[in-house]
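Some notes on the structure that comes next.
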Amino acid sequence: MVACLAVVGLAEAARGQVREVKSFSRDMQLMVKDGKPGLSVAFDEIFTPRLRHRLSSGFTSRILIDIILSMSKRRTPVAHGLVQYTIIYDIWEETFSVREETPGGNRSFGIGSMKDLIRTCGSLHELALRPLLELPKDERFLVEVRITVNPASREMRRKVREYLANPDGSGHIGSPRSFFGSFSRIFVSEKDIQADMVYTYRSPGIRLGGN
Amino acid sequence: MNRVRSWTIPVGVLIVMLVVGTVCMAGQPKAIDAAATVDEQEKAAQAEKAADEAEEAAERARLNRVEIEDPFTPRYIVESIEVRGNTKSRGDMIISQLLLKPGETLDQEKVQESRIRLLSTGYFKDVRMSLEKGTERGRVKLVIEVDERNTIIIDDLFFGWSQTNPFWGGLGISDINFLGRGLVLSGAAVASKYQQAYRLGIFWPSVFNSRFQAGVTALVSLGEERALKDKIASCSGPTCIPPCANLGQKDIDLSYLRAGADIDLGIRLDRIHRLSLNVHAEHIDAEVGEGEWCANHPFNGYIRPGQSTYSSLTLRFERDTRDDFFLPTHGMHLVVSIELASKIFGSDYEFSKYLIKYEHSFPAFLDHAVRLSVVGGLIQDVGEKGSPFFSRFFVGDYAFFLINKDSLPRNLELNFSEVVDYGDLMASLTAEYDVPLWSRGKFFYRGYVYGAVNFSVVTKAAFLASEDEWSGRTKRPVSFDLGFKVDTPVGLFTLSLGYIMDMVF
């Protein structure tokens with residue numbers, strides 16, 4: 001429960017500005033699995049050269065996947081899903097360790113190559129979503145998959161905000177105005193710290209078990 | 001005691017032998033049984049070697065203090081740090097910005113914070129961190145790859161025209177990473193036909209990567225305050241004889257030369273508090289003209305005629321909790337300063353100057369922001385010419401748009417406007433509403449429009465006491481501004497409609 005709340009908290013934290021933000025339209029498959037809605041979708045575009053470098057850096061990376069299934073007409077959310085991958089590259093063994101966390105449970109496994117890592121973490125296969133309402137039949141649905149890479153913790157954002165506030169301590173009382181004048185300078189913005197990237201995938205209107 | 005010890009050791013050895021023997025017997029019965037065959041002997045040797053290696057690795061790990069409890073938060077020892085991609089910035093300067101050193105346990109939070117710290121210096125477009133294998137397992141090399149950026153920033157752009165100065169212009173430029181050592185070298189110049197000022201400074205934001213800051217600035221200006229004849233009051237009474245009676249027949253100039261320097265020493269008390277001390281000394285050579293002592297002389301009491309020295313000490317405290325330097329939506333900025341000029345410091349001018357500024361930002365509708373600020377100041381002069389006129393308050397420095405160029409701000413402490421009245425008491429209130437326009441541009445990173453209203457009063461404390469008329473009192477204390485601010489790689493710029501209105505009308 002705590003882990004789940006933490007994941008939700010990170011999802012909220014990631015809604016600010018980030019370094020790289022992109023949106024895509026993507027075909028997805030929606031099915032019923034064990035009486036619950038399930039989703040299959042691929043999103044390997046997130047593995048940009050920059051992210052691959054980060055994943056191979058030896059530091060821990062996190063990929064947070066937040067899914068909302070809503071009715072096409074009224075946009076009412078009917079199901080929700082969350083997955084978080086924690087990935088670390090062992091620089092001696094040259095392998096990846098991956099921990100997958102979902103509200104349904106956690107599992108850890110090893111992966112030998114970047115190619116396999118992308119295959120594993122770059123798609124969802126029949127992921128069970130948590131229903132919020134009873135799914136109406138003969139209804140078209142919209143799916144939004146929001147992927148946040150390395151969302152910053154609240155503590156880190158607080159620390160960094162202090163760097164943003166007044167990086168070099170410059171600034172004078174009642175600085176004179178000028179016609180077209182620079183009054184100070186900044187180099188780090190919140191987009192640099194909230195997360196490395198946020199990619200959003202949206203489906204066209206789809207039906208359960210088909211198009 | 002000795003006897004007990006002499007018995008204890010053999011017994012201990014015996015117990016260990018028994019335990020080891022038992023473990024060997026119990027743990028490897030098949031190995032003993034199969035010892036007859038060469039293959040199994042080899043296997044046993046290999047197993048023993050592997051066990052030795054594992055033990056060695058465990059020992060190394062113990063020595064390296066590696067905790068392998070959670071593979072997702074490994075705790076490596078930083079063996080070395082290597083900087084790549086830097087052509088201008090010195091590697092030792094980059095390493096000095098990090099929050100971790102070789103020999104320390106790697107802390108990913110510190111690595112992330114170090115990256116932001118490096119980005120906040122303004123020297124780099126991007127900073128990437130990665131790990132490489134060290135000389136042995138558990139030890140790593142921290143690799144910092146930097147993409148350097150332009151570090152030459154436009155600080156100021158001066159431009160304007162008035163009746164006393166038909167045109168003036170100027171520029172202020174800084175290299176914020178001078179010689180690749182993290183020093184800030186800044187220079188600025190502004191000039192009109194009658195006035196020129198030049199400023200050159202060097203600032204060390206973090207002296208030897210400590211909390212201390214230091215800087216030196218030199219300023220040279222050739223100024224000329226001009227009182228237009230139609231704004232000079234006429235005299236009356238028995239003292240109204242030449243030269244006082246002749247004042248107002250022509251424009252009167254106050255020409256002066258200033259050459260001086262400031263030494264700044266500061267300390268960052270913590271992330272949000274700063275304390276600084278400024279030492280100022282300058283030489284002044286002023287020519288006021290005939291009848292300077294007349295009550296109706298426009299520059300009466302402004303400055304000491306001839307050569308004089310102005311030196312002072314300023315103590316400044318700052319508290320800054322704003323969440324963003326460009327468009328804050330939360331937090332406050334408080335600045336308090338006290339300046340003391342005294343004969344003790346060799347100054348011909350004696351005064352004390354008190355300034356306080358408080359600014360608070362609030363979130364508003366959607367992602368808009370509201371900012372309220374209060375600035376107040378007081379100068380206590382010792383004698384009539386206690387403070388030189390350029391250190392006094394000028395309403396144009398605080399107010400927005402006022403018709404008749406009453407509110408043109410000073411540039412590099414030179415007054416190019418047609419108003420030459422200064423006060424020793426100042427109060428300014430500003431309310432600003434900001435509407436962000438965009439936030440992810442490539443060159444124009446961010447921008448917002450603002451609307452602001454200001455109430456500023458600059459007056460003379462003596463005027464309040466005597467209720468005498470003072471020509472310099474603010475005629476229209478309420479002013480407005482509408483403008484646009486943008487954040488770019490070469491600085492933050494403001495396009496102020498109020499300033500344009502000041503110019504045109």
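Letters A, B, ... mark the chains of the structure tokens in the order given; residue numbers begin at 1 per chain; ligand numbers begin at 1, in order shown.
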Near-A:Val145 list (7 Å; only C-alpha atoms; drop same-chain fewer than 3 positions) as a ChimeraX atom specification: /A:65-68,200-202
Residues flagged helix (DSSP H, G or I) by DSSP in stretch 84-328 of chain B, as an MDAnalysis selection string: chainID B and resid 91:96 108:120 207:209 229:231 244:246
With C-alpha atoms retained, write the just-selected residues as a CSV table (one decimal), in the first residue's frame.
chain,number,residue,atom,x,y,z
B,91,GLY,CA,38.4,20.1,-14.7
B,92,ASP,CA,39.4,21.0,-11.1
B,93,MET,CA,36.8,23.8,-11.1
B,94,ILE,CA,34.1,21.3,-12.2
B,95,ILE,CA,35.2,18.7,-9.6
B,96,SER,CA,35.2,21.4,-6.9
B,108,GLN,CA,23.0,8.9,-5.9
B,109,GLU,CA,21.1,11.8,-4.4
B,110,LYS,CA,24.4,13.7,-4.0
B,111,VAL,CA,25.3,12.9,-7.6
B,112,GLN,CA,21.9,14.2,-8.8
B,113,GLU,CA,22.3,17.4,-6.7
B,114,SER,CA,25.8,17.9,-8.0
B,115,ARG,CA,24.5,17.7,-11.5
B,116,ILE,CA,22.0,20.4,-10.8
B,117,ARG,CA,24.6,22.5,-9.0
B,118,LEU,CA,26.8,22.2,-12.1
B,119,LEU,CA,23.9,23.2,-14.4
B,120,SER,CA,23.1,26.2,-12.1
B,207,VAL,CA,36.1,31.4,-3.0
B,208,PHE,CA,38.0,28.1,-3.2
B,209,ASN,CA,34.6,26.4,-3.3
B,229,LYS,CA,16.3,77.2,-16.8
B,230,ASP,CA,12.5,77.1,-16.9
B,231,LYS,CA,12.6,74.7,-13.9
B,244,CYS,CA,21.2,84.4,-6.9
B,245,ALA,CA,19.0,86.8,-8.8
B,246,ASN,CA,20.5,85.8,-12.1
Return as a tab-separated table (two decimals) with C-alpha atoms, in the first residue's frame the residues belonging to chain B that are within 8 Å of chain A, counting only C-alpha atoms.
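Result saved to iface-v2.tsv:
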chain	number	residue	atom	x	y	z
B	71	PRO	CA	20.93	-4.40	-5.74
B	72	PHE	CA	18.96	-1.33	-6.84
B	73	THR	CA	20.77	0.99	-4.46
B	108	GLN	CA	22.98	8.91	-5.91
B	109	GLU	CA	21.08	11.83	-4.38
B	113	GLU	CA	22.25	17.37	-6.68
B	116	ILE	CA	21.95	20.45	-10.78
B	117	ARG	CA	24.64	22.46	-9.04
B	119	LEU	CA	23.91	23.22	-14.38
B	120	SER	CA	23.09	26.17	-12.12
B	121	THR	CA	26.58	27.60	-12.66
B	122	GLY	CA	25.49	28.44	-16.19
B	129	MET	CA	27.00	11.42	-14.99
B	130	SER	CA	27.96	7.78	-15.35
B	131	LEU	CA	30.01	5.12	-13.63
B	132	GLU	CA	32.85	3.04	-14.96
B	133	LYS	CA	34.65	0.10	-13.42
B	137	ARG	CA	34.87	-4.70	-7.74
B	154	ILE	CA	24.23	40.55	-21.73
B	155	ASP	CA	23.62	42.15	-18.34
B	156	ASP	CA	22.25	45.51	-19.42
B	157	LEU	CA	21.08	47.33	-22.50
B	158	PHE	CA	20.72	51.10	-22.08
B	159	PHE	CA	18.90	53.27	-24.52
B	160	GLY	CA	16.96	56.54	-24.37
B	205	PRO	CA	31.02	33.43	-6.47
B	271	ARG	CA	20.91	28.05	1.03
B	272	ILE	CA	18.56	31.00	1.60
B	274	ARG	CA	23.43	35.70	2.63
B	320	ASP	CA	15.53	34.38	-0.55
B	321	THR	CA	12.95	31.58	-0.50
B	322	ARG	CA	11.51	32.14	-3.98
B	323	ASP	CA	10.75	28.98	-5.90
B	324	ASP	CA	11.95	30.43	-9.20
B	325	PHE	CA	14.15	33.35	-10.08
B	326	PHE	CA	12.35	34.10	-13.33
B	335	VAL	CA	16.97	42.45	1.52
B	355	LEU	CA	17.21	50.24	2.82
B	356	ILE	CA	14.70	47.44	3.08
B	357	LYS	CA	13.00	45.49	0.34
B	375	VAL	CA	10.83	49.07	-0.74
B	396	GLY	CA	12.81	57.02	-11.45
B	397	ASP	CA	14.68	54.07	-9.98
B	398	TYR	CA	11.50	52.77	-8.34
B	409	PRO	CA	15.81	55.36	-14.22
B	410	ARG	CA	19.48	56.09	-13.74
B	411	ASN	CA	21.97	54.01	-15.74
B	487	ASP	CA	14.48	34.08	-20.57
B	489	PRO	CA	20.60	31.75	-23.27
B	491	GLY	CA	20.18	36.66	-20.39
B	492	LEU	CA	16.77	37.70	-19.16
B	493	PHE	CA	15.16	40.57	-21.00
B	494	THR	CA	12.36	42.95	-20.19
B	495	LEU	CA	10.41	44.91	-22.74
B	496	SER	CA	8.65	47.58	-20.71
B	499	TYR	CA	9.68	52.77	-20.31
B	500	ILE	CA	8.71	53.35	-23.95
Distance query A:Lys36 at most 8 Å, only C-alpha atoms, self and fewer than 3 positions along chain excluded, as a list in words: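 Selected residues are Val32, Lys33, Ala128, Leu129, Arg130 and Pro131 of chain A.
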With DSSP run on the backbone, what are the strand (DSSP E or B) residues within stretch 69-201 of chain B? I'd like them as a PDB file with C-alpha atoms, in the first residue's frame.
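Listing of part_24.pdb after writing:
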ATOM      1  CA  ILE B  77      33.262   3.637  -3.325  1.00  0.00           C
ATOM      2  CA  VAL B  78      34.190   6.517  -5.613  1.00  0.00           C
ATOM      3  CA  GLU B  79      37.754   5.722  -6.589  1.00  0.00           C
ATOM      4  CA  SER B  80      38.290   8.610  -8.982  1.00  0.00           C
ATOM      5  CA  ILE B  81      36.450  11.343 -10.845  1.00  0.00           C
ATOM      6  CA  GLU B  82      37.012  12.140 -14.501  1.00  0.00           C
ATOM      7  CA  VAL B  83      35.652  15.114 -16.434  1.00  0.00           C
ATOM      8  CA  ARG B  84      35.044  14.855 -20.182  1.00  0.00           C
ATOM      9  CA  THR B 105      30.626   6.097  -0.691  1.00  0.00           C
ATOM     10  CA  PHE B 124      26.973  23.955 -19.314  1.00  0.00           C
ATOM     11  CA  LYS B 125      24.084  23.090 -21.598  1.00  0.00           C
ATOM     12  CA  ASP B 126      23.995  19.593 -20.236  1.00  0.00           C
ATOM     13  CA  VAL B 127      25.755  17.481 -17.638  1.00  0.00           C
ATOM     14  CA  ARG B 128      25.647  13.690 -17.703  1.00  0.00           C
ATOM     15  CA  MET B 129      27.002  11.416 -14.993  1.00  0.00           C
ATOM     16  CA  SER B 130      27.960   7.784 -15.354  1.00  0.00           C
ATOM     17  CA  LEU B 131      30.010   5.124 -13.632  1.00  0.00           C
ATOM     18  CA  GLU B 132      32.854   3.043 -14.965  1.00  0.00           C
ATOM     19  CA  LYS B 133      34.648   0.098 -13.422  1.00  0.00           C
ATOM     20  CA  ARG B 139      35.126   0.682  -6.642  1.00  0.00           C
ATOM     21  CA  VAL B 140      34.027   2.984  -9.441  1.00  0.00           C
ATOM     22  CA  LYS B 141      35.186   5.886 -11.520  1.00  0.00           C
ATOM     23  CA  LEU B 142      32.615   8.698 -11.644  1.00  0.00           C
ATOM     24  CA  VAL B 143      32.564  10.168 -15.147  1.00  0.00           C
ATOM     25  CA  ILE B 144      31.152  13.642 -15.717  1.00  0.00           C
ATOM     26  CA  GLU B 145      30.431  14.551 -19.326  1.00  0.00           C
ATOM     27  CA  VAL B 146      29.677  18.201 -19.929  1.00  0.00           C
ATOM     28  CA  ASP B 147      28.406  20.139 -22.933  1.00  0.00           C
ATOM     29  CA  GLU B 148      29.697  23.664 -22.513  1.00  0.00           C
ATOM     30  CA  ILE B 152      28.933  35.558 -22.219  1.00  0.00           C
ATOM     31  CA  ILE B 153      25.772  37.196 -20.973  1.00  0.00           C
ATOM     32  CA  ILE B 154      24.228  40.553 -21.730  1.00  0.00           C
ATOM     33  CA  ASP B 155      23.617  42.150 -18.338  1.00  0.00           C
ATOM     34  CA  ASP B 156      22.246  45.509 -19.424  1.00  0.00           C
ATOM     35  CA  LEU B 157      21.079  47.333 -22.500  1.00  0.00           C
ATOM     36  CA  PHE B 158      20.722  51.097 -22.078  1.00  0.00           C
ATOM     37  CA  PHE B 159      18.901  53.274 -24.521  1.00  0.00           C
ATOM     38  CA  GLY B 160      16.961  56.537 -24.370  1.00  0.00           C
ATOM     39  CA  TRP B 168      22.263  57.827 -24.797  1.00  0.00           C
ATOM     40  CA  GLY B 169      23.062  54.156 -25.131  1.00  0.00           C
ATOM     41  CA  GLY B 170      25.096  51.492 -23.461  1.00  0.00           C
ATOM     42  CA  LEU B 171      25.718  47.874 -22.836  1.00  0.00           C
ATOM     43  CA  GLY B 172      26.742  45.605 -19.994  1.00  0.00           C
ATOM     44  CA  ILE B 173      28.364  42.244 -20.702  1.00  0.00           C
ATOM     45  CA  SER B 174      29.654  39.515 -18.414  1.00  0.00           C
ATOM     46  CA  ASP B 175      31.679  36.394 -18.921  1.00  0.00           C
ATOM     47  CA  ILE B 176      30.453  34.210 -16.109  1.00  0.00           C
ATOM     48  CA  ASN B 177      33.213  31.635 -16.527  1.00  0.00           C
ATOM     49  CA  PHE B 178      36.244  33.817 -17.019  1.00  0.00           C
ATOM     50  CA  LEU B 183      35.089  33.830 -12.101  1.00  0.00           C
ATOM     51  CA  VAL B 184      32.606  36.456 -13.304  1.00  0.00           C
ATOM     52  CA  LEU B 185      34.173  39.274 -15.312  1.00  0.00           C
ATOM     53  CA  SER B 186      31.721  42.045 -16.106  1.00  0.00           C
ATOM     54  CA  GLY B 187      32.010  45.318 -17.894  1.00  0.00           C
ATOM     55  CA  ALA B 188      29.480  48.016 -18.725  1.00  0.00           C
ATOM     56  CA  ALA B 189      29.506  51.387 -20.410  1.00  0.00           C
ATOM     57  CA  VAL B 190      26.883  54.032 -21.069  1.00  0.00           C
ATOM     58  CA  ALA B 191      27.401  57.317 -22.848  1.00  0.00           C
ATOM     59  CA  SER B 192      25.668  60.396 -24.143  1.00  0.00           C
ATOM     60  CA  GLN B 196      29.836  58.771 -19.779  1.00  0.00           C
ATOM     61  CA  ALA B 197      30.257  55.973 -17.249  1.00  0.00           C
ATOM     62  CA  TYR B 198      32.316  52.802 -17.275  1.00  0.00           C
ATOM     63  CA  ARG B 199      32.257  49.883 -14.875  1.00  0.00           C
ATOM     64  CA  LEU B 200      34.541  46.859 -14.704  1.00  0.00           C
ATOM     65  CA  GLY B 201      34.308  44.143 -12.114  1.00  0.00           C
TER      66      GLY B 201
END
Residue contacts of A:Val83 (9 Å, only C-alpha atoms) excluding same-chain residues fewer than 5 positions away, as a ChimeraX atom specification: /A:7,63-67,100-103
6 Å contact set for B:Tyr358, only C-alpha atoms, chain neighbours under 6 positions out, as number ranges by chain: B: 333-334, 373-374
Length of the atom CA of B:Ala259 to atom CA of B:Tyr310 vector [Å]: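 Calculated distance between atom CA of B:Ala259 and atom CA of B:Tyr310 is 10.1 Å.
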Pick from B:Gly223, B:Val370, B:Pro242, B:Arg316, whichever lies nearest to B:Glu292 using only C-alpha atoms: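 Using only C-alpha atoms, the shortest distance to B:Glu292 belongs to B:Pro242.
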